[in-house]
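Below: input-v1.cif (mmCIF, C-alpha atoms and all ligand atoms)
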```cif
data_protein
#
loop_
_atom_site.label_atom_id
_atom_site.label_comp_id
_atom_site.auth_asym_id
_atom_site.auth_seq_id
_atom_site.Cartn_x
_atom_site.Cartn_y
_atom_site.Cartn_z
CA MET S 161 76.96 89.67 127.14
CA SER S 162 74.18 87.85 128.90
CA ASP S 163 71.17 89.64 130.32
CA LYS S 164 72.36 90.54 133.82
CA ASN S 165 68.86 91.06 135.22
CA GLU S 166 68.03 87.52 134.34
CA ILE S 167 71.08 86.28 136.21
CA VAL S 168 70.31 88.25 139.39
CA ALA S 169 67.32 86.07 140.21
CA ASP S 170 69.34 82.86 140.46
CA GLY S 171 71.51 84.03 143.43
CA ALA S 172 74.08 81.57 142.12
CA VAL S 173 77.25 80.69 143.96
CA LEU S 174 79.96 82.32 141.86
CA VAL S 175 82.94 81.67 144.09
CA LYS S 176 83.47 78.46 146.02
CA VAL S 177 86.66 78.08 148.01
CA GLU S 178 87.28 74.75 149.74
CA GLY S 179 90.13 74.11 152.18
CA LEU S 180 92.53 76.43 150.39
CA SER S 181 96.12 76.40 151.66
CA LYS S 182 99.37 77.88 150.44
CA LYS S 183 102.76 77.64 152.08
CA PHE S 184 105.82 79.74 151.47
CA CYS S 185 109.41 79.34 152.51
CA LYS S 186 111.15 81.99 154.57
CA ASP S 187 114.43 81.72 152.71
CA LEU S 188 115.03 81.73 148.97
CA LYS S 189 117.81 79.13 148.87
CA THR S 190 115.77 76.56 150.81
CA SER S 191 112.71 77.42 148.71
CA LEU S 192 114.63 76.73 145.48
CA TRP S 193 115.97 73.49 146.94
CA TYR S 194 112.46 72.31 147.93
CA GLY S 195 111.18 73.29 144.48
CA LEU S 196 113.84 71.18 142.86
CA LYS S 197 113.19 68.23 145.19
CA ASP S 198 109.44 68.43 144.51
CA LEU S 199 110.07 68.54 140.81
CA VAL S 200 112.33 65.51 140.87
CA SER S 201 110.24 63.39 143.19
CA GLY S 202 107.01 64.58 141.55
CA VAL S 203 105.39 65.01 144.95
CA SER S 204 103.15 67.83 143.78
CA GLY S 205 99.58 67.01 144.84
CA SER S 206 100.58 64.35 147.35
CA THR S 207 99.65 64.43 151.02
CA GLU S 208 103.12 65.84 151.79
CA ASP S 209 101.80 69.15 150.49
CA ARG S 210 99.87 69.44 153.73
CA LEU S 211 103.02 69.20 155.85
CA LEU S 212 105.47 71.98 156.60
CA ARG S 213 109.17 71.43 156.07
CA PRO S 214 111.80 73.44 157.99
CA LYS S 215 111.58 77.20 157.24
CA GLU S 216 108.15 76.86 155.60
CA PHE S 217 104.97 78.54 156.91
CA TRP S 218 101.33 78.70 155.93
CA ALA S 219 100.51 82.01 154.20
CA VAL S 220 96.95 80.71 153.69
CA LYS S 221 95.64 77.79 155.74
CA ASP S 222 92.45 75.86 155.20
CA ILE S 223 90.24 78.75 154.06
CA SER S 224 86.74 77.92 152.84
CA PHE S 225 83.82 80.16 151.85
CA GLU S 226 81.10 80.58 149.27
CA LEU S 227 80.08 83.81 147.64
CA ARG S 228 76.89 84.42 145.69
CA ARG S 229 75.96 87.00 143.16
CA GLY S 230 75.00 90.19 145.01
CA GLU S 231 77.28 89.50 147.97
CA CYS S 232 80.44 91.36 148.93
CA LEU S 233 83.04 89.58 151.03
CA GLY S 234 85.48 91.72 153.01
CA LEU S 235 88.86 90.13 153.66
CA ILE S 236 90.48 91.79 156.67
CA GLY S 237 93.53 91.12 158.82
CA HIS S 238 96.79 92.70 159.86
CA ASN S 239 99.87 93.00 157.60
CA GLY S 240 101.06 89.63 156.38
CA ALA S 241 97.84 87.81 157.36
CA GLY S 242 97.57 86.20 153.91
CA LYS S 243 94.88 88.32 152.22
CA SER S 244 96.79 89.16 149.04
CA THR S 245 98.06 85.60 148.72
CA LEU S 246 94.45 84.35 148.91
CA LEU S 247 93.39 86.86 146.24
CA LYS S 248 96.28 85.85 144.00
CA ILE S 249 95.22 82.19 144.27
CA LEU S 250 91.62 83.16 143.44
CA ASN S 251 92.82 85.11 140.43
CA GLY S 252 94.96 82.19 139.25
CA LEU S 253 98.25 84.07 139.70
CA ILE S 254 99.63 81.42 142.07
CA ASN S 255 98.74 77.77 142.64
CA PRO S 256 97.53 76.55 146.03
CA ASP S 257 99.25 73.65 147.80
CA ALA S 258 95.89 72.24 148.86
CA GLY S 259 92.21 72.96 148.35
CA LYS S 260 90.02 73.94 145.47
CA VAL S 261 88.67 77.16 143.94
CA THR S 262 85.62 77.17 141.70
CA MET S 263 84.77 80.46 140.02
CA LYS S 264 81.98 81.04 137.56
CA GLY S 265 81.74 83.75 134.94
CA ARG S 266 83.99 86.62 133.98
CA ILE S 267 86.52 87.72 136.60
CA GLY S 268 87.69 91.29 136.96
CA ALA S 269 90.59 91.84 139.29
CA LEU S 270 92.41 94.82 140.65
CA ILE S 271 95.16 93.26 142.68
CA GLU S 272 98.49 95.01 142.57
CA LEU S 273 98.98 98.56 141.50
CA GLY S 274 99.89 98.48 137.83
CA ALA S 275 99.84 94.66 137.72
CA GLY S 276 98.14 93.48 134.57
CA PHE S 277 99.37 96.53 132.64
CA ASN S 278 102.25 96.53 130.24
CA PRO S 279 104.22 99.61 131.32
CA ILE S 280 105.55 100.49 127.88
CA LEU S 281 102.11 100.38 126.24
CA SER S 282 99.72 103.31 126.40
CA GLY S 283 96.59 103.34 128.52
CA ARG S 284 94.49 102.78 125.41
CA GLU S 285 96.58 99.75 124.30
CA ASN S 286 96.40 98.30 127.79
CA ILE S 287 92.61 98.56 127.77
CA TYR S 288 92.56 96.41 124.61
CA ASN S 289 95.03 93.93 126.15
CA ASN S 290 93.05 93.59 129.36
CA GLY S 291 89.75 93.35 127.52
CA ALA S 292 91.13 90.54 125.37
CA ILE S 293 92.33 88.67 128.49
CA LEU S 294 88.82 88.99 129.90
CA GLY S 295 87.48 87.39 126.73
CA PHE S 296 86.05 90.43 124.92
CA SER S 297 86.32 90.83 121.17
CA ARG S 298 87.93 93.96 119.68
CA LYS S 299 84.47 95.16 118.65
CA GLU S 300 83.13 94.76 122.18
CA ILE S 301 86.10 96.65 123.60
CA ASP S 302 85.60 99.39 120.97
CA SER S 303 82.07 99.86 122.27
CA LYS S 304 83.28 100.17 125.90
CA LEU S 305 86.44 102.16 125.28
CA GLU S 306 84.99 105.65 125.64
CA ALA S 307 83.12 104.71 128.82
CA ILE S 308 86.30 103.27 130.34
CA ILE S 309 88.39 106.34 129.47
CA ALA S 310 85.67 108.69 130.74
CA PHE S 311 85.26 106.72 133.96
CA ALA S 312 89.01 106.81 134.56
CA GLU S 313 89.02 110.55 133.71
CA LEU S 314 92.17 109.95 131.68
CA GLU S 315 91.09 111.53 128.37
CA ASP S 316 94.23 113.67 128.16
CA PHE S 317 96.65 110.90 129.11
CA ILE S 318 95.20 107.80 127.49
CA ASP S 319 97.92 107.65 124.81
CA MET S 320 100.77 108.05 127.30
CA PRO S 321 102.75 104.91 128.33
CA VAL S 322 101.38 103.55 131.61
CA GLN S 323 104.87 103.65 133.16
CA HIS S 324 104.53 107.43 133.35
CA TYR S 325 101.14 107.31 135.12
CA SER S 326 100.93 108.33 138.77
CA SER S 327 99.74 105.70 141.29
CA GLY S 328 96.27 107.25 141.29
CA MET S 329 96.11 107.21 137.49
CA LYS S 330 97.04 103.50 137.39
CA VAL S 331 94.32 102.71 139.89
CA ARG S 332 91.77 104.75 137.92
CA LEU S 333 92.58 102.83 134.76
CA GLY S 334 92.63 99.47 136.54
CA PHE S 335 89.30 100.03 138.26
CA ALA S 336 87.70 101.44 135.11
CA VAL S 337 88.69 98.36 133.11
CA ALA S 338 87.76 95.89 135.86
CA ALA S 339 84.36 97.47 136.56
CA GLN S 340 83.24 98.61 133.11
CA MET S 341 83.80 95.13 131.67
CA GLU S 342 80.80 93.96 133.74
CA PRO S 343 82.55 91.08 135.56
CA ASP S 344 80.61 88.37 137.38
CA VAL S 345 83.30 88.31 140.06
CA LEU S 346 85.19 91.47 140.98
CA ILE S 347 88.32 91.15 143.13
CA ILE S 348 89.74 94.34 144.63
CA ASP S 349 92.89 94.50 146.74
CA GLU S 350 93.58 97.58 148.84
CA VAL S 351 94.69 99.56 145.78
CA LEU S 352 91.73 101.93 146.16
CA ALA S 353 93.61 103.55 149.02
CA VAL S 354 95.77 105.51 146.55
CA GLY S 355 92.81 107.03 144.70
CA ASP S 356 91.68 110.52 145.67
CA LEU S 357 88.39 111.00 147.49
CA GLY S 358 86.48 111.87 144.31
CA PHE S 359 87.58 108.66 142.66
CA ILE S 360 86.92 106.52 145.75
CA LEU S 361 83.35 107.87 145.92
CA LYS S 362 82.92 107.05 142.25
CA CYS S 363 84.26 103.52 142.82
CA PHE S 364 81.83 102.93 145.66
CA LYS S 365 78.94 104.18 143.56
CA THR S 366 79.99 101.80 140.79
CA ILE S 367 80.31 98.89 143.21
CA ASP S 368 76.79 99.71 144.53
CA THR S 369 75.51 99.64 140.94
CA ILE S 370 77.18 96.43 139.84
CA LEU S 371 76.87 94.54 143.14
CA PRO S 372 73.39 93.06 142.46
CA HIS S 373 74.88 91.35 139.39
CA THR S 374 78.33 90.60 140.78
CA ALA S 375 80.13 88.83 143.59
CA VAL S 376 82.74 91.19 145.03
CA ILE S 377 85.78 90.29 147.13
CA PHE S 378 87.34 93.31 148.76
CA VAL S 379 90.55 93.58 150.78
CA SER S 380 91.13 96.69 152.82
CA HIS S 381 92.60 98.00 156.05
CA SER S 382 89.99 100.75 156.04
CA MET S 383 87.15 99.62 158.25
CA PRO S 384 84.88 102.48 157.09
CA MET S 385 85.29 101.19 153.52
CA ILE S 386 84.75 97.57 154.60
CA SER S 387 81.60 98.42 156.54
CA ARG S 388 80.35 100.54 153.64
CA ILE S 389 80.08 97.66 151.14
CA CYS S 390 80.67 94.26 152.72
CA SER S 391 77.88 91.91 153.73
CA GLN S 392 80.22 89.27 155.11
CA ILE S 393 83.76 89.10 156.44
CA VAL S 394 86.64 86.70 156.67
CA LEU S 395 89.09 87.87 159.34
CA MET S 396 92.49 86.32 158.67
CA ASP S 397 95.38 85.90 161.06
CA ARG S 398 98.61 84.12 160.05
CA GLY S 399 96.85 82.50 157.12
CA GLU S 400 93.92 81.16 159.10
CA SER S 401 90.34 82.34 159.32
CA LYS S 402 89.74 83.67 162.84
CA PHE S 403 86.21 84.89 162.21
CA GLN S 404 83.83 84.37 159.37
CA GLY S 405 80.27 85.51 158.89
CA GLY S 406 77.77 88.28 158.27
CA ASP S 407 78.23 90.12 161.57
CA VAL S 408 80.37 92.90 160.11
CA GLY S 409 80.36 94.95 163.35
CA LYS S 410 81.67 92.01 165.36
CA ALA S 411 84.39 91.24 162.79
CA ILE S 412 85.57 94.86 162.83
CA ASP S 413 85.60 94.86 166.62
CA LEU S 414 87.77 91.70 166.61
CA TYR S 415 90.08 93.29 164.04
CA TYR S 416 90.55 96.39 166.19
CA ASN S 417 91.12 94.31 169.33
CA ARG S 418 94.39 93.12 167.82
CA PHE S 419 95.82 96.59 168.04
CA ALA S 420 96.95 98.03 171.32
CA ILE S 421 95.84 101.45 172.39
CA ASN S 422 98.27 104.18 171.42
CA GLU S 423 100.61 105.40 174.10
CA SER S 424 99.97 108.96 175.12
CA SER S 425 102.37 111.64 173.95
CA VAL S 426 102.80 115.35 174.43
CA VAL S 427 102.94 116.76 170.91
CA TYR S 428 103.20 120.44 171.77
CA THR S 429 104.03 122.52 174.81
CA ASP S 430 105.11 126.10 175.40
CA SER S 431 106.13 125.08 178.95
CA CYS S 432 103.46 127.21 180.69
CA ILE S 433 101.19 124.35 181.65
CA GLU S 434 101.51 120.55 181.91
CA LEU S 435 99.09 117.72 182.58
CA ASN S 436 99.81 116.25 185.99
CA HIS S 437 96.99 113.75 186.32
CA SER S 438 93.90 112.68 184.39
CA ALA S 439 91.29 109.95 184.82
CA VAL S 440 88.03 108.66 183.45
CA LEU S 441 85.63 108.40 186.36
CA ALA S 442 84.07 104.96 186.02
CA GLU S 443 82.99 102.14 188.32
CA LYS S 444 84.63 99.42 186.29
CA TYR S 445 88.05 99.14 184.66
CA GLU S 446 89.48 96.31 182.59
CA LYS S 447 93.21 96.34 181.78
CA ASN S 448 93.29 100.02 182.82
CA ILE S 449 90.51 100.91 180.41
CA ALA S 450 87.34 102.45 181.88
CA GLN S 451 84.24 100.42 180.97
CA LEU S 452 81.18 102.55 180.33
CA PRO S 453 77.82 101.16 179.28
CA TRP S 454 76.23 102.94 176.29
CA ARG S 455 74.41 106.16 177.43
CA GLU S 456 76.39 106.25 180.68
CA LYS S 457 77.74 109.56 181.96
CA LEU S 458 81.22 110.22 180.59
CA GLU S 459 83.25 112.11 183.17
CA PHE S 460 86.90 113.14 183.03
CA LEU S 461 89.10 114.49 185.79
CA PHE S 462 92.07 116.73 184.96
CA GLU S 463 94.83 118.27 187.03
CA PHE S 464 97.38 120.63 185.46
CA ASN S 465 100.55 122.13 186.89
CA ILE S 466 101.01 125.79 186.09
CA LEU S 467 104.62 126.60 185.31
CA ALA S 468 104.25 130.29 184.34
CA PRO S 469 101.88 133.08 185.49
CA ILE S 470 98.31 131.79 185.33
CA LYS S 471 96.24 132.82 182.33
CA ASP S 472 92.71 132.05 181.24
CA TYR S 473 92.93 128.79 179.32
CA GLU S 474 90.44 127.03 177.04
CA PHE S 475 90.46 123.23 177.18
CA PHE S 476 89.52 121.21 174.11
CA ILE S 477 88.67 117.58 174.84
CA ILE S 478 88.55 115.67 171.56
CA ILE S 479 87.37 112.06 171.48
CA ILE S 480 89.07 109.87 168.91
CA ASP S 481 88.24 106.35 167.80
CA LYS S 482 90.62 103.47 167.10
CA GLU S 483 91.13 104.68 163.54
CA GLN S 484 92.41 107.95 165.05
CA ARG S 485 89.36 109.74 163.66
CA PRO S 486 88.12 112.58 165.83
CA VAL S 487 84.48 111.66 166.43
CA ALA S 488 83.35 114.23 168.98
CA ARG S 489 84.51 117.19 171.01
CA PHE S 490 83.40 118.56 174.37
CA LYS S 491 82.37 122.17 174.04
CA GLN S 492 85.22 124.09 175.60
CA ASN S 493 84.93 125.81 178.98
CA ASN S 494 83.44 129.28 178.54
CA PHE S 495 84.74 130.56 181.87
CA ASP S 496 88.12 130.80 183.54
CA LEU S 497 89.05 127.58 185.37
CA SER S 498 92.14 129.08 187.05
CA PRO S 499 92.20 128.88 190.86
CA LYS S 500 91.27 132.05 192.72
CA SER S 501 93.99 131.48 195.35
CA ASN S 502 97.64 131.57 194.37
CA SER S 503 97.76 127.82 193.82
CA SER S 504 99.79 126.61 190.89
CA VAL S 505 97.36 123.86 190.04
CA ILE S 506 94.28 123.89 187.83
CA SER S 507 91.91 120.98 188.40
CA PHE S 508 88.45 120.38 187.03
CA LYS S 509 85.94 117.78 185.91
CA ALA S 510 84.35 117.73 182.49
CA SER S 511 81.34 115.54 181.78
CA HIS S 512 78.69 114.61 179.26
CA ASN S 513 75.49 113.02 180.46
CA ASP S 514 74.03 110.87 177.73
CA LEU S 515 76.85 109.33 175.74
CA GLN S 516 75.56 107.79 172.54
CA LEU S 517 78.89 106.79 171.05
CA SER S 518 78.61 103.23 169.80
CA LYS S 519 80.40 100.22 171.24
CA GLY S 520 84.17 100.40 170.95
CA VAL S 521 87.35 101.80 172.40
CA TYR S 522 88.06 105.54 172.33
CA SER S 523 90.67 107.85 173.73
CA VAL S 524 91.18 111.58 174.12
CA ASN S 525 93.37 114.19 172.50
CA LEU S 526 93.55 117.25 174.70
CA ALA S 527 94.44 120.71 173.46
CA VAL S 528 94.86 123.83 175.58
CA ARG S 529 94.97 127.36 174.26
CA GLU S 530 95.15 130.79 175.80
CA ARG S 531 91.71 132.39 175.56
CA MET S 532 92.74 135.94 174.66
CA SER S 533 95.41 135.25 172.07
CA LYS S 534 93.95 131.89 170.89
CA ASN S 535 97.55 130.66 170.92
CA PRO S 536 98.00 126.90 171.47
CA VAL S 537 99.95 126.21 174.65
CA TYR S 538 99.72 122.45 175.14
CA ARG S 539 98.57 119.37 173.30
CA ILE S 540 98.64 115.76 174.45
CA ASN S 541 97.32 112.85 172.37
CA GLY S 542 96.08 109.37 173.21
CA ILE S 543 95.13 109.79 176.89
CA LEU S 544 92.11 108.54 178.86
CA PRO S 545 91.18 105.36 176.99
CA PHE S 546 87.62 104.22 177.62
CA GLN S 547 85.44 101.49 176.24
CA ILE S 548 81.75 101.82 175.51
CA THR S 549 80.04 98.50 176.15
CA ASP S 550 76.73 97.46 174.64
CA LYS S 551 75.06 94.30 173.42
CA ASP S 552 74.51 95.74 169.92
CA GLU S 553 77.45 95.33 167.51
CA THR S 554 77.48 98.73 165.85
CA TRP S 555 80.15 99.97 163.52
CA GLU S 556 78.76 103.47 162.95
CA PRO S 557 80.36 105.94 165.41
CA PHE S 558 77.06 106.83 167.09
CA LEU S 559 74.15 104.69 168.15
CA LEU S 560 71.39 107.23 168.67
CA THR S 561 68.35 106.67 170.82
CA SER S 562 65.29 106.80 168.62
CA SER S 563 61.52 106.81 168.65
CA PHE S 564 59.37 105.32 165.95
CA GLU S 565 55.72 106.13 165.50
CA SER S 566 53.36 104.45 163.08
CA ILE S 567 51.59 106.90 160.76
CA SER S 568 49.87 104.26 158.62
CA ASN S 569 45.97 104.19 158.57
N1 LIG S 601 106.20 84.86 146.98
C1 LIG S 601 106.35 84.78 148.28
N2 LIG S 601 107.36 84.07 148.83
C2 LIG S 601 107.51 83.94 150.16
N3 LIG S 601 106.67 84.49 151.05
C3 LIG S 601 105.65 85.21 150.57
C4 LIG S 601 105.42 85.42 149.18
N4 LIG S 601 104.29 86.16 149.02
C5 LIG S 601 103.85 86.44 150.26
N5 LIG S 601 104.65 85.87 151.19
C6 LIG S 601 104.47 85.90 152.65
O1 LIG S 601 103.17 85.41 152.93
C7 LIG S 601 102.61 86.10 154.06
C8 LIG S 601 101.26 86.66 153.65
O2 LIG S 601 101.49 87.74 152.74
P1 LIG S 601 100.28 88.54 152.07
O3 LIG S 601 100.88 89.49 151.10
O4 LIG S 601 99.29 87.58 151.57
O5 LIG S 601 99.68 89.29 153.34
P2 LIG S 601 98.53 90.42 153.39
O6 LIG S 601 97.52 89.94 154.38
O7 LIG S 601 98.04 90.73 152.03
O8 LIG S 601 99.36 91.62 154.01
P3 LIG S 601 99.24 93.22 153.80
O9 LIG S 601 98.07 93.67 154.62
O10 LIG S 601 100.53 93.70 154.36
O11 LIG S 601 99.09 93.48 152.33
C9 LIG S 601 103.63 87.14 154.46
O12 LIG S 601 104.39 86.60 155.54
C10 LIG S 601 104.51 87.28 153.24
O13 LIG S 601 105.83 87.63 153.60
#
```
Once you've parsed the file, please lay out its structure as structure tokens.
Amino acid sequence: MSDKNEIVADGAVLVKVEGLSKKFCKDLKTSLWYGLKDLVSGVSGSTEDRLLRPKEFWAVKDISFELRRGECLGLIGHNGAGKSTLLKILNGLINPDAGKVTMKGRIGALIELGAGFNPILSGRENIYNNGAILGFSRKEIDSKLEAIIAFAELEDFIDMPVQHYSSGMKVRLGFAVAAQMEPDVLIIDEVLAVGDLGFILKCFKTIDTILPHTAVIFVSHSMPMISRICSQIVLMDRGESKFQGGDVGKAIDLYYNRFAINESSVVYTDSCIELNHSAVLAEKYEKNIAQLPWREKLEFLFEFNILAPIKDYEFFIIIIDKEQRPVARFKQNNFDLSPKSNSSVISFKASHNDLQLSKGVYSVNLAVRERMSKNPVYRINGILPFQITDKDETWEPFLLTSSFESISN
């Protein structure tokens, strides 16, 4: 293999994609008919390839980008946006109808779970097969074999046919082969999602290590994973690029904007208490979502109907982000909020003064439990959507105020 450190300095373009398009047909019969017609008339490569016939659609439309050694491109978009089709064209599995792909160097790809493996061969035999496809001699594969098996942590199962591997085991083997063969271009579809946390951490560490010498293309629906390794993004929608560039925070924001806020739902109740009304107290609302500038006071108003004798309740206000990750919780009330009179309503405000959540849309899951018994009595999810606004595009969940002080001299 060539000296990788030498290659790093050149910052060469390893992947060049120019005006790539691929159309598919929505129905098999018509697709076969078009295939036959194309074959007979020999239209392949003609300008007609750029036109859609009835029942055809663009799975990938006019995509162009360049990727250099040391760069990681994140391909994001909703289901059916065309990401996997684009990867398959890059990997030579399908031909485009228009456009050009230029790839330099050795290409490692992890595209479909188990794809590239012969199911009846053992893990060990598949490593040799894959290595040979990547252009390695038997001797070179011999020298990497132990490292691949150790990386995949499949020592005990390496002589078992791959068809009996679990999904996670297939991904371990696939990633181990793709990464340990020191590719110049590494293509990873969302297969990492089936690995366990230990393996995912190991994959990220490996990507960090090989990235200076490699151009990586990574498809995922996990924005934390995308933001962790990608330096640029192509956001696809119905085959087309809707955003392209190095502003990862902005791309992720655009991706999330495609998804509506969850409807609220009561997920548990023991019929003692029910939420009657709730609101985010804000000066500005857009499409029913409170708009709060970063560091603004976050203030909620709650009103509950009491349906059984009043008890001392604890209220847990949990803030969740668009990925449904709980990112923060208000410390629960440490005193009884029940009315002193014999009203059957509990109402209160809860606030936080210096909100340093980063830009984005959040909502609230609310849980109520009885203080003495700690028994849950009510839980409602997805209420009180609010949007933190700020000029900084930040993906991390918190943007903390900071002070810097020079200590040089
Ligand atoms: N061989 C095929 N024949 C016909 N249509 C296809 C074929 N392969 C993919 N498609 C269609 O092309 C579109 C893009 O599919 P693709 O798998 O590239 O999307 P994706 O962005 O990877 O989606 P996901 O996030 O769900 O994996 C979809 O409408 C899909 O149904």
Could you report the residues within 6 Å of ligand LIG 601 (chain S), using only C-alpha atoms and all ligand atoms, as an mmCIF file with C-alpha atoms, in the frame of the given file?
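Output saved as result.cif:
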```
data_model
loop_
_atom_site.group_PDB
_atom_site.id
_atom_site.type_symbol
_atom_site.label_atom_id
_atom_site.label_comp_id
_atom_site.auth_asym_id
_atom_site.auth_seq_id
_atom_site.Cartn_x
_atom_site.Cartn_y
_atom_site.Cartn_z
ATOM 1 C CA PHE S 184 105.820 79.740 151.470
ATOM 2 C CA CYS S 185 109.410 79.340 152.510
ATOM 3 C CA ALA S 219 100.510 82.010 154.200
ATOM 4 C CA HIS S 238 96.790 92.700 159.860
ATOM 5 C CA ASN S 239 99.870 93.000 157.600
ATOM 6 C CA GLY S 240 101.060 89.630 156.380
ATOM 7 C CA ALA S 241 97.840 87.810 157.360
ATOM 8 C CA GLY S 242 97.570 86.200 153.910
ATOM 9 C CA LYS S 243 94.880 88.320 152.220
ATOM 10 C CA SER S 244 96.790 89.160 149.040
ATOM 11 C CA THR S 245 98.060 85.600 148.720
#
```
Legend entry - atom CA of Ile466 of chain S to atom CA of Ser504 of chain S, straight-line distance in Å: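 Calculated distance between atom CA of Ser504 of chain S and atom CA of Ile466 of chain S is 5.0 Å.
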Skip Phe558 of chain S itself and residues of its chain fewer than 6 positions away, then list as a PDB file with C-alpha atoms, in the frame of the given file all residues within 8 Å of it, counting all atoms listed in the file.
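Saved the output as around17.pdb:
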```pdb
ATOM      1  CA  GLN S 516      75.560 107.790 172.540  1.00  0.00           C
ATOM      2  CA  LEU S 517      78.890 106.790 171.050  1.00  0.00           C
ATOM      3  CA  SER S 518      78.610 103.230 169.800  1.00  0.00           C
TER       4      SER S 518
END
```
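Comparing S:Ala307, S:Ile254, S:Leu247, S:Ile377 by their smallest distance to Leu174 of chain S, the closest is S:Ile377 (using only C-alpha atoms).
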Legend entry - Residues near Lys176 of chain S, cut-off 10 Å, all atoms listed in the file, skip fewer than 5 positions along chain, as number ranges by chain: S: 224-228, 250, 260-264
Inset, instruction - Have a look at atom CA of Glu459 of chain S and atom CA of Phe508 of chain S and let me know their distance in Å, one decimal. - result: 10.5 Å
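For segment 543-549 of chain S, the residues within 7 Å (counting all atoms listed in the file, excluding itself and residues fewer than 4 positions away along the chain) are Ser424, Ala439, Val440, Ile449, Ala450, Gln451, Leu452, Pro453, Trp454, Ser518, Lys519, Gly520, Val521, Tyr522, Ser523, Val524 and Asn525 of chain S.
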Keeping only C-alpha atoms, write those residues as a PDB file, in the coordinates of the input.
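Wrote it out as out-v4.pdb, contents follow:
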```pdb
ATOM      1  CA  SER S 424      99.970 108.960 175.120  1.00  0.00           C
ATOM      2  CA  ALA S 439      91.290 109.950 184.820  1.00  0.00           C
ATOM      3  CA  VAL S 440      88.030 108.660 183.450  1.00  0.00           C
ATOM      4  CA  ILE S 449      90.510 100.910 180.410  1.00  0.00           C
ATOM      5  CA  ALA S 450      87.340 102.450 181.880  1.00  0.00           C
ATOM      6  CA  GLN S 451      84.240 100.420 180.970  1.00  0.00           C
ATOM      7  CA  LEU S 452      81.180 102.550 180.330  1.00  0.00           C
ATOM      8  CA  PRO S 453      77.820 101.160 179.280  1.00  0.00           C
ATOM      9  CA  TRP S 454      76.230 102.940 176.290  1.00  0.00           C
ATOM     10  CA  SER S 518      78.610 103.230 169.800  1.00  0.00           C
ATOM     11  CA  LYS S 519      80.400 100.220 171.240  1.00  0.00           C
ATOM     12  CA  GLY S 520      84.170 100.400 170.950  1.00  0.00           C
ATOM     13  CA  VAL S 521      87.350 101.800 172.400  1.00  0.00           C
ATOM     14  CA  TYR S 522      88.060 105.540 172.330  1.00  0.00           C
ATOM     15  CA  SER S 523      90.670 107.850 173.730  1.00  0.00           C
ATOM     16  CA  VAL S 524      91.180 111.580 174.120  1.00  0.00           C
ATOM     17  CA  ASN S 525      93.370 114.190 172.500  1.00  0.00           C
TER      18      ASN S 525
END
```
Inset, instruction - Kindly indicate which residue among S:Ala468, S:Leu357, S:Ala411, S:Val173 lies nearest to Ile386 of chain S, using all atoms listed in the file for the distances. - result: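 Answer, going by the shortest atom-to-atom distance: S:Ala411.
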Inset, instruction - Figure out the distance between atom CA of Leu526 of chain S and atom CA of Ile540 of chain S, please, to one decimal in Å. - result: 5.3 Å
Only C-alpha atoms, as a short mmCIF file (atom, residue, chain, number, x, y, z; two decimals), in the first residue's frame: that is what I want for segment 484-508 of chain S.
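To be explicit, this is the file written out as part.cif:
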```
data_model
loop_
_atom_site.label_atom_id
_atom_site.label_comp_id
_atom_site.auth_asym_id
_atom_site.auth_seq_id
_atom_site.Cartn_x
_atom_site.Cartn_y
_atom_site.Cartn_z
CA GLN S 484 -37.32 12.86 21.25
CA ARG S 485 -34.22 13.00 23.44
CA PRO S 486 -34.86 14.37 26.92
CA VAL S 487 -32.38 17.24 27.16
CA ALA S 488 -33.32 18.91 30.43
CA ARG S 489 -35.72 18.75 33.34
CA PHE S 490 -37.10 21.42 35.65
CA LYS S 491 -36.36 20.55 39.24
CA GLN S 492 -39.68 19.39 40.62
CA ASN S 493 -41.74 21.48 43.04
CA ASN S 494 -40.56 20.86 46.60
CA PHE S 495 -43.77 22.12 48.19
CA ASP S 496 -47.45 21.31 47.87
CA LEU S 497 -49.09 23.21 44.99
CA SER S 498 -52.65 22.14 45.94
CA PRO S 499 -55.10 25.00 46.56
CA LYS S 500 -55.80 25.85 50.18
CA SER S 501 -59.53 26.39 49.49
CA ASN S 502 -61.71 23.51 48.39
CA SER S 503 -61.18 24.31 44.72
CA SER S 504 -60.79 21.37 42.40
CA VAL S 505 -58.18 23.09 40.28
CA ILE S 506 -54.41 23.23 40.66
CA SER S 507 -52.75 26.02 38.69
CA PHE S 508 -49.18 27.21 38.76
#
```
